[in-house]
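Heads up, final33.cif below (mmCIF, C-alpha atoms):
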```cif
data_upload
#
loop_
_atom_site.label_atom_id
_atom_site.label_comp_id
_atom_site.auth_asym_id
_atom_site.auth_seq_id
_atom_site.Cartn_x
_atom_site.Cartn_y
_atom_site.Cartn_z
CA VAL A 5 6.67 -22.49 -6.10
CA ASN A 6 3.73 -24.80 -6.46
CA PRO A 7 5.11 -28.11 -7.81
CA SER A 8 2.00 -28.51 -9.97
CA ALA A 9 2.72 -25.19 -11.67
CA PRO A 10 2.53 -25.09 -15.44
CA PRO A 11 5.86 -25.20 -17.23
CA VAL A 12 7.23 -21.85 -18.25
CA ALA A 13 6.58 -22.59 -21.89
CA ASP A 14 2.90 -22.40 -20.94
CA VAL A 15 3.25 -18.90 -19.56
CA ASP A 16 1.35 -16.98 -22.16
CA PRO A 17 1.08 -13.23 -21.36
CA ASP A 18 -2.35 -13.04 -22.98
CA ARG A 19 -3.57 -15.93 -20.86
CA VAL A 20 -2.15 -14.33 -17.72
CA ARG A 21 -3.73 -10.98 -18.63
CA GLY A 22 -7.10 -12.62 -19.23
CA LEU A 23 -6.92 -14.59 -16.03
CA LEU A 24 -6.04 -11.54 -13.98
CA ALA A 25 -8.77 -9.44 -15.57
CA ALA A 26 -11.37 -12.13 -14.94
CA ALA A 27 -10.25 -12.69 -11.36
CA VAL A 28 -10.22 -8.99 -10.55
CA SER A 29 -13.61 -8.42 -12.19
CA ALA A 30 -15.04 -11.29 -10.16
CA ALA A 31 -13.56 -9.83 -6.97
CA LEU A 32 -15.03 -6.42 -7.77
CA ALA A 33 -18.42 -7.93 -8.62
CA ALA A 34 -18.40 -9.79 -5.30
CA GLY A 35 -17.88 -6.43 -3.63
CA GLY A 36 -20.79 -4.89 -5.52
CA ILE A 37 -18.71 -3.15 -8.18
CA PRO A 38 -19.61 -4.90 -11.44
CA VAL A 39 -17.06 -3.29 -13.75
CA GLN A 40 -14.13 -4.30 -15.89
CA PRO A 41 -11.36 -2.01 -14.66
CA SER A 42 -8.91 -0.42 -17.04
CA PRO A 43 -5.27 -1.56 -16.70
CA GLU A 44 -4.18 1.59 -14.83
CA GLU A 45 -7.22 2.01 -12.59
CA PRO A 46 -6.27 1.95 -8.89
CA LEU A 47 -7.93 -1.00 -7.20
CA ILE A 48 -6.57 -1.12 -3.68
CA SER A 49 -5.85 2.56 -3.08
CA SER A 50 -9.32 3.47 -4.36
CA GLY A 51 -10.89 1.12 -1.84
CA ALA A 52 -12.35 -1.21 -4.49
CA ILE A 53 -10.25 -4.15 -3.28
CA ASP A 54 -9.33 -4.80 0.33
CA SER A 55 -7.02 -7.32 1.94
CA MET A 56 -9.65 -10.06 1.96
CA ALA A 57 -10.36 -9.70 -1.75
CA LEU A 58 -6.64 -9.53 -2.45
CA THR A 59 -6.04 -12.66 -0.41
CA ALA A 60 -8.65 -14.45 -2.52
CA LEU A 61 -6.94 -13.20 -5.68
CA LEU A 62 -3.56 -14.42 -4.48
CA GLN A 63 -5.10 -17.80 -3.77
CA GLN A 64 -6.37 -17.95 -7.33
CA PHE A 65 -2.93 -17.03 -8.66
CA GLY A 66 -1.58 -19.96 -6.68
CA GLU A 67 -4.18 -22.37 -7.99
CA ARG A 68 -4.27 -21.24 -11.60
CA LEU A 69 -0.67 -20.17 -12.18
CA GLY A 70 1.22 -22.01 -9.50
CA LEU A 71 2.49 -18.72 -8.18
CA GLU A 72 2.95 -18.28 -4.46
CA VAL A 73 3.35 -14.67 -3.45
CA GLU A 74 5.54 -13.83 -0.50
CA PRO A 75 3.94 -11.52 2.10
CA LEU A 76 6.63 -8.89 1.55
CA ASP A 77 5.70 -8.75 -2.13
CA VAL A 78 2.11 -7.83 -1.31
CA THR A 79 2.48 -4.13 -1.92
CA LEU A 80 0.59 -1.41 -3.73
CA GLU A 81 3.51 -1.20 -6.12
CA ASN A 82 2.86 -4.77 -7.22
CA PHE A 83 -0.92 -5.04 -6.92
CA ASP A 84 -2.69 -1.69 -7.07
CA THR A 85 -3.63 -1.96 -10.74
CA LEU A 86 -4.18 -4.71 -13.28
CA ALA A 87 -1.10 -3.54 -15.17
CA ARG A 88 1.08 -3.81 -12.06
CA MET A 89 -0.34 -7.23 -11.21
CA GLU A 90 0.39 -8.42 -14.72
CA ALA A 91 3.96 -7.10 -14.63
CA PHE A 92 4.58 -8.67 -11.23
CA VAL A 93 3.05 -12.04 -12.09
CA LEU A 94 4.85 -12.30 -15.44
CA SER A 95 8.12 -11.27 -13.88
CA ARG A 96 7.80 -13.95 -11.22
CA LEU A 97 6.71 -16.63 -13.65
CA ARG A 98 9.61 -15.81 -15.97
CA GLY A 99 11.99 -15.72 -13.02
CA ARG A 100 10.82 -19.17 -12.06
CA GLY A 101 11.73 -20.41 -15.50
CA GLN A 102 15.22 -18.99 -15.12
CA GLY A 103 15.80 -20.41 -11.66
CA GLY A 104 14.94 -16.99 -10.22
CA THR A 105 13.53 -15.99 -6.89
CA ALA A 106 9.88 -16.69 -7.46
CA ALA A 107 9.77 -19.32 -4.73
CA MET B 28 -13.43 18.08 4.45
CA THR B 29 -11.10 19.72 6.96
CA GLU B 30 -7.59 18.53 7.75
CA GLN B 31 -8.81 17.60 11.21
CA GLN B 32 -11.53 15.40 9.70
CA VAL B 33 -9.00 13.73 7.42
CA ARG B 34 -6.77 13.01 10.41
CA GLN B 35 -9.71 11.46 12.21
CA VAL B 36 -10.62 9.26 9.24
CA VAL B 37 -7.02 8.05 8.87
CA LEU B 38 -6.73 7.34 12.59
CA GLU B 39 -9.97 5.35 12.48
CA CYS B 40 -8.82 3.37 9.43
CA VAL B 41 -5.54 2.50 11.14
CA GLN B 42 -7.28 1.50 14.36
CA GLU B 43 -9.95 -0.54 12.55
CA THR B 44 -7.30 -2.41 10.60
CA LEU B 45 -4.80 -3.01 13.34
CA GLY B 46 -7.28 -3.41 16.15
CA CYS B 47 -5.37 -1.04 18.40
CA PRO B 48 -6.65 -1.31 21.96
CA ASP B 49 -8.36 1.76 23.41
CA ASP B 50 -5.83 2.01 26.23
CA GLU B 51 -2.93 2.35 23.79
CA PRO B 52 -3.37 5.75 22.23
CA VAL B 53 -2.61 6.00 18.52
CA GLY B 54 -1.45 9.40 17.36
CA LEU B 55 -0.09 11.05 14.27
CA GLU B 56 3.46 10.21 15.34
CA SER B 57 2.74 6.50 15.87
CA ARG B 58 4.98 4.34 13.69
CA LEU B 59 2.89 1.91 11.69
CA VAL B 60 5.39 -0.94 11.61
CA ALA B 61 7.54 -0.53 14.70
CA GLU B 62 4.87 0.60 17.15
CA LEU B 63 1.57 -0.61 15.74
CA GLY B 64 2.84 -3.85 14.20
CA ALA B 65 1.54 -3.24 10.69
CA GLU B 66 2.50 -5.83 8.06
CA SER B 67 2.30 -5.62 4.30
CA MET B 68 -1.31 -6.84 4.10
CA ASP B 69 -2.27 -4.32 6.79
CA PHE B 70 -0.97 -1.53 4.56
CA VAL B 71 -3.23 -2.84 1.81
CA ASP B 72 -6.21 -2.71 4.14
CA ILE B 73 -5.42 0.69 5.62
CA VAL B 74 -4.94 2.30 2.21
CA SER B 75 -8.06 0.58 0.87
CA ARG B 76 -10.14 1.77 3.82
CA ILE B 77 -8.89 5.33 3.46
CA GLY B 78 -9.66 5.23 -0.27
CA ARG B 79 -13.21 4.09 0.40
CA ARG B 80 -13.85 6.56 3.20
CA LEU B 81 -12.38 9.61 1.45
CA GLN B 82 -13.37 8.61 -2.10
CA VAL B 83 -9.84 9.19 -3.33
CA SER B 84 -6.89 7.09 -4.37
CA LEU B 85 -3.72 7.44 -2.33
CA ARG B 86 -0.55 7.52 -4.40
CA LEU B 87 2.17 6.15 -2.14
CA GLU B 88 4.34 5.77 -5.24
CA GLN B 89 4.54 9.57 -5.27
CA LEU B 90 7.47 9.17 -2.88
CA ASP B 91 9.17 6.71 -5.22
CA ASP B 92 8.64 9.10 -8.11
CA GLU B 93 10.26 11.94 -6.18
CA LEU B 94 13.22 9.77 -5.19
CA LYS B 95 13.69 8.62 -8.77
CA ALA B 96 13.69 12.25 -9.85
CA VAL B 97 16.74 13.02 -7.70
CA MET B 98 18.62 9.72 -8.05
CA THR B 99 20.23 8.17 -11.08
CA GLU B 100 18.83 4.88 -12.32
CA SER B 101 21.86 2.99 -11.04
CA GLU B 102 21.67 4.70 -7.65
CA PHE B 103 18.03 3.70 -7.39
CA GLU B 104 18.86 0.15 -8.49
CA GLN B 105 21.56 -0.03 -5.83
CA GLY B 106 18.89 0.94 -3.34
CA LEU B 107 21.01 3.24 -1.18
CA LEU B 108 19.94 6.76 -0.33
CA THR B 109 21.93 9.70 -1.62
CA PRO B 110 22.03 13.20 -0.05
CA PRO B 111 19.38 14.63 -2.46
CA ALA B 112 17.17 11.63 -1.70
CA LEU B 113 17.55 12.32 2.01
CA GLU B 114 16.21 15.82 1.46
CA VAL B 115 13.09 14.31 -0.11
CA LEU B 116 12.67 11.95 2.81
CA ARG B 117 13.04 14.75 5.35
CA ARG B 118 10.01 16.41 3.79
CA TYR B 119 7.96 13.23 3.96
CA PHE B 120 9.13 12.19 7.42
CA PRO B 121 9.74 15.38 9.41
CA GLY B 122 9.53 13.43 12.65
CA ALA B 123 12.36 11.05 11.77
CA ALA B 124 15.50 11.43 13.86
CA ASP B 125 18.68 12.56 12.11
CA GLY B 126 20.36 9.24 12.79
CA GLU B 127 17.54 7.37 11.06
CA LEU B 128 17.83 9.33 7.85
CA ARG B 129 21.38 8.72 6.78
CA GLU B 130 23.30 8.58 3.54
CA GLY B 131 23.53 5.00 2.35
CA MET B 132 20.36 4.02 4.14
CA PRO B 133 18.69 1.18 2.19
CA LEU B 134 15.49 2.12 0.37
CA HIS B 135 13.75 -0.90 1.81
CA GLU B 136 13.94 0.67 5.27
CA ILE B 137 11.66 3.54 4.23
CA PRO B 138 8.39 1.79 5.21
CA PHE B 139 9.69 1.58 8.79
CA LEU B 140 9.58 5.39 8.91
CA MET B 141 5.90 5.59 8.06
CA THR B 142 3.63 7.07 10.68
CA VAL B 143 -0.08 7.74 10.83
CA GLY B 144 0.82 11.33 9.99
CA THR B 145 2.52 10.17 6.79
CA LEU B 146 -0.75 8.62 5.68
CA VAL B 147 -2.57 11.85 6.54
CA GLY B 148 -0.13 13.67 4.25
CA PHE B 149 -0.77 11.24 1.39
CA SER B 150 -4.52 11.54 1.98
CA LEU B 151 -4.47 15.33 1.89
CA ALA B 152 -2.42 15.21 -1.31
CA ALA B 153 -4.97 12.82 -2.85
CA LEU B 154 -7.84 15.10 -1.87
CA ARG B 155 -6.06 18.07 -3.42
CA ARG B 156 -5.51 16.13 -6.65
CA SER B 157 -9.14 15.09 -6.67
CA ALA B 158 -10.32 18.67 -6.15
CA GLN B 159 -8.17 19.87 -9.04
CA ALA B 160 -9.34 17.15 -11.41
#
```
Here is a file; write its structure as structure tokens.
Amino acid sequence: VNPSAPPVADVDPDRVRGLLAAAVSAALAAGGIPVQPSPEEPLISSGAIDSMALTALLQQFGERLGLEVEPLDVTLENFDTLARMEAFVLSRLRGRGQGGTAA
Amino acid sequence: MTEQQVRQVVLECVQETLGCPDDEPVGLESRLVAELGAESMDFVDIVSRIGRRLQVSLRLEQLDDELKAVMTESEFEQGLLTPPALEVLRRYFPGAADGELREGMPLHEIPFLMTVGTLVGFSLAALRRSAQA
């Protein structure tokens, strides 16, 4: 866990959702796909996001949310759609607040 | 697109991602993790490449869905394969040896069974879904 991470009280689901949506839209725009994806739209498995774009997204999660993602957690199950990203990120942030395994 | 063409696309995507040398042949039976050294981010890239090339979206979670359909919630939470779950896996991984697919096998070992051929199967299923849509 990034020591400069915001306290758990600051973990606002709406803020996380907005941040994820903005980051993913920016990644898609950088790849020439200027759209705002729906929550369930496949991003990786459709080819819209590749490992480089995902790496950049994970870096942003680290900087903005203080969340470091373990390599084994980088799966389609956790990151293929905005909805899955949101569920994963919120789960890890909440786990961090409860002394969980987010580190 | 023929099945042969799909196989070729998947093979190319695997080779482009993993940088397999020309003198080490990659075939449908090649294990992605054990033989080709794929890591989690490589799976992201392979699946993304296939999606772009075939204009479809692979649903690897289809396997999870099928396992959940034959396991109770607590069995799935425990993460150990039951006999009905093994039957599902035998369909997905026909090349797996009997000793590999065993009752009580942890779910997290499933990715180690994945071959290039497994990805071809997921790709063909995605193309079929796309054609029906």
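Between atom CA of B:Glu130 and atom CA of B:Leu113 lies a distance of 7.0 Å.
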Listing only residues of chain A within 6 Å of chain B, what is the closest atom pair and its distance in Å (to one decimal) for each, using all atoms listed in the file, sorted by chain and residue number ascending, as JSON lines?
```
{"residue": "A:Ile48", "atom": "CA", "partner": "B:Ser75", "partner_atom": "CA", "distance": 5.1}
{"residue": "A:Ser49", "atom": "CA", "partner": "B:Ser84", "partner_atom": "CA", "distance": 4.8}
{"residue": "A:Ser50", "atom": "CA", "partner": "B:Ser84", "partner_atom": "CA", "distance": 4.4}
{"residue": "A:Gly51", "atom": "CA", "partner": "B:Ser75", "partner_atom": "CA", "distance": 4.0}
{"residue": "A:Asp54", "atom": "CA", "partner": "B:Asp72", "partner_atom": "CA", "distance": 5.3}
{"residue": "A:Ser55", "atom": "CA", "partner": "B:Asp72", "partner_atom": "CA", "distance": 5.2}
```
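Proximity ranking of B:Thr99, B:Met28, B:Pro138, B:Cys40 relative to A:Thr79 places B:Pro138 first, based on all atoms listed in the file.
Here atom CA of B:Leu128 is placed at a distance of 8.8 Å from atom CA of B:Leu108.
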Taking 5 positions as the minimum chain separation for residues in the same chain, which residues sit within 12 Å of B:Arg58 when counting only C-alpha atoms? Answer as a tab-separated table (two decimals) with C-alpha atoms, in the frame of the given file.
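What ended up in around-v1.tsv:
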```tsv
chain	number	residue	atom	x	y	z
B	41	VAL	CA	-5.54	2.50	11.14
B	53	VAL	CA	-2.61	6.00	18.52
B	63	LEU	CA	1.57	-0.61	15.74
B	64	GLY	CA	2.84	-3.85	14.20
B	65	ALA	CA	1.54	-3.24	10.69
B	66	GLU	CA	2.50	-5.83	8.06
B	120	PHE	CA	9.13	12.19	7.42
B	122	GLY	CA	9.53	13.43	12.65
B	123	ALA	CA	12.36	11.05	11.77
B	137	ILE	CA	11.66	3.54	4.23
B	138	PRO	CA	8.39	1.79	5.21
B	139	PHE	CA	9.69	1.58	8.79
B	140	LEU	CA	9.58	5.39	8.91
B	141	MET	CA	5.90	5.59	8.06
B	142	THR	CA	3.63	7.07	10.68
B	143	VAL	CA	-0.08	7.74	10.83
B	144	GLY	CA	0.82	11.33	9.99
B	145	THR	CA	2.52	10.17	6.79
B	146	LEU	CA	-0.75	8.62	5.68
```
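Note that the spacing between atom CA of A:Val93 and atom CA of B:Ala96 amounts to 26.6 Å.
The shortest atom-to-atom distance to A:Ala87, with only C-alpha atoms taken into account, belongs to A:Leu47 out of A:Leu69, A:Ala34, A:Leu47, A:Val15.
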Using all atoms of stretch 124-129 of chain B listed in the file and a margin of 3 Å per side, can you give the axis-aligned box centre and edge lengths in Å to one decimal, as AutoDock Vina command-line options?
```
--center_x 18.4 --center_y 10.0 --center_z 10.3 --size_x 11.9 --size_y 11.2 --size_z 13.1
```
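Distance annotation: of B:Gly54, B:Gly148, B:Pro48, B:Gly131, the residue with the minimal separation from B:Leu90 is B:Gly148; atom set is only C-alpha atoms.
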Any chance you could model N, CA and C atoms for stretch 99-113 of chain B and send them as a PDB file, keeping the file's coordinate frame?
```pdb
ATOM      1  N   THR B  99      20.024   8.778  -9.776  1.00  0.00           N
ATOM      2  CA  THR B  99      20.230   8.170 -11.080  1.00  0.00           C
ATOM      3  C   THR B  99      19.616   6.772 -11.051  1.00  0.00           C
ATOM      4  N   GLU B 100      19.427   6.215 -12.244  1.00  0.00           N
ATOM      5  CA  GLU B 100      18.830   4.880 -12.320  1.00  0.00           C
ATOM      6  C   GLU B 100      19.684   3.871 -11.559  1.00  0.00           C
ATOM      7  N   SER B 101      21.000   3.989 -11.709  1.00  0.00           N
ATOM      8  CA  SER B 101      21.860   2.990 -11.040  1.00  0.00           C
ATOM      9  C   SER B 101      21.862   3.200  -9.528  1.00  0.00           C
ATOM     10  N   GLU B 102      21.769   4.457  -9.099  1.00  0.00           N
ATOM     11  CA  GLU B 102      21.670   4.700  -7.650  1.00  0.00           C
ATOM     12  C   GLU B 102      20.395   4.075  -7.095  1.00  0.00           C
ATOM     13  N   PHE B 103      19.310   4.252  -7.866  1.00  0.00           N
ATOM     14  CA  PHE B 103      18.030   3.700  -7.390  1.00  0.00           C
ATOM     15  C   PHE B 103      18.095   2.175  -7.384  1.00  0.00           C
ATOM     16  N   GLU B 104      18.722   1.611  -8.421  1.00  0.00           N
ATOM     17  CA  GLU B 104      18.860   0.150  -8.490  1.00  0.00           C
ATOM     18  C   GLU B 104      19.677  -0.370  -7.318  1.00  0.00           C
ATOM     19  N   GLN B 105      20.714   0.379  -6.960  1.00  0.00           N
ATOM     20  CA  GLN B 105      21.560  -0.030  -5.830  1.00  0.00           C
ATOM     21  C   GLN B 105      20.777   0.021  -4.524  1.00  0.00           C
ATOM     22  N   GLY B 106      19.773   0.899  -4.491  1.00  0.00           N
ATOM     23  CA  GLY B 106      18.890   0.940  -3.340  1.00  0.00           C
ATOM     24  C   GLY B 106      19.461   1.635  -2.118  1.00  0.00           C
ATOM     25  N   LEU B 107      20.428   2.522  -2.312  1.00  0.00           N
ATOM     26  CA  LEU B 107      21.010   3.240  -1.180  1.00  0.00           C
ATOM     27  C   LEU B 107      20.747   4.735  -1.337  1.00  0.00           C
ATOM     28  N   LEU B 108      20.329   5.362  -0.248  1.00  0.00           N
ATOM     29  CA  LEU B 108      19.940   6.760  -0.330  1.00  0.00           C
ATOM     30  C   LEU B 108      21.119   7.707  -0.496  1.00  0.00           C
ATOM     31  N   THR B 109      20.920   8.672  -1.363  1.00  0.00           N
ATOM     32  CA  THR B 109      21.930   9.700  -1.620  1.00  0.00           C
ATOM     33  C   THR B 109      21.508  10.980  -0.885  1.00  0.00           C
ATOM     34  N   PRO B 110      22.410  11.954  -0.738  1.00  0.00           N
ATOM     35  CA  PRO B 110      22.030  13.200  -0.050  1.00  0.00           C
ATOM     36  C   PRO B 110      20.774  13.881  -0.630  1.00  0.00           C
ATOM     37  N   PRO B 111      20.631  14.010  -1.960  1.00  0.00           N
ATOM     38  CA  PRO B 111      19.380  14.630  -2.460  1.00  0.00           C
ATOM     39  C   PRO B 111      18.144  13.807  -2.090  1.00  0.00           C
ATOM     40  N   ALA B 112      18.303  12.480  -2.071  1.00  0.00           N
ATOM     41  CA  ALA B 112      17.170  11.630  -1.700  1.00  0.00           C
ATOM     42  C   ALA B 112      16.806  11.830  -0.234  1.00  0.00           C
ATOM     43  N   LEU B 113      17.821  12.069   0.587  1.00  0.00           N
ATOM     44  CA  LEU B 113      17.550  12.320   2.010  1.00  0.00           C
ATOM     45  C   LEU B 113      16.728  13.581   2.196  1.00  0.00           C
TER      46      LEU B 113
END
```
